[in-house]
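Trainee: For reference, the structure I am asking about is given below.
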Amino acid sequence: MFGLANQILGLIACMGLILISINSYVMWRKRKPAGKLGAPAKPKSTKITIAVLVIMLACGAVMPLVGLSILIVIALDLFILRRIKSLRHWFSV
């Protein structure tokens with residue numbers, strides 16, 4: 001649209017995002033403990049949990065696509081991931 005230089009700049013930006021995504025997965029696999037998901041444990045304080053929920057609700061209200069993404073993830077967790085036996089121990093609460 002704005003010439004070859006703009007297309008090359010867009011290509012470099014897209015390739016950078018792709019490489020960051022791949023690299024983050026590789027780094028997670030290297031650091032993940034054997035037999036565990038590698039996610040942080042649940043916080044012991046309910047204040048932290050409530051604060052995170054309030055922030056999520058505020059972001060979901062201000063940005064509708066964020067809210068839609070949150071609803072899709074919750075639906076996936078509740079209706080699909082918990083029903084698959086091999087994934088149940090990863091996502092059990």
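Chain labels A, B, ... are given in the sequence in which chains occur in the structure tokens; within each chain residues are numbered consecutively from 1, and ligands are likewise numbered from 1 in the order shown.
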Please, which residues of chain A, numbered as in this document, come out alpha helix (DSSP H) from DSSP, as a ChimeraX atom specification?
Mentor: /A:4-31,46-62,64-79,85-91
Trainee: To one decimal place, how far is atom CA of Val52 of chain A from atom CA of Leu68 of chain A in Å?
Mentor: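 So the answer is 17.0 Å.
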Trainee: Considering only C-alpha atoms, can you say which of A:Ile70, A:Ser21, A:Cys14, A:Ala41 comes closest to Ile55 of chain A?
Mentor: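 Of all the options, A:Ile70 lies closest to Ile55 of chain A.
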Trainee: So which residues touch Leu57 of chain A within 10 Å, counting only C-alpha atoms, skipping near sequence neighbours fewer than 6 positions away, as a ChimeraX atom specification?
Mentor: /A:51,63,66-67,70
Trainee: Expressed in Å to a single decimal, how great is the separation between atom CA of Ala34 of chain A and atom CA of Ile22 of chain A?
Mentor: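 These two atoms are separated by 20.4 Å.
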Trainee: Between atom CA of Ile20 of chain A and atom CA of Gln7 of chain A, measure the distance and give it in Å to one decimal.
Mentor: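 So the two atoms, atom CA of Ile20 of chain A and atom CA of Gln7 of chain A, lie 19.9 Å apart.
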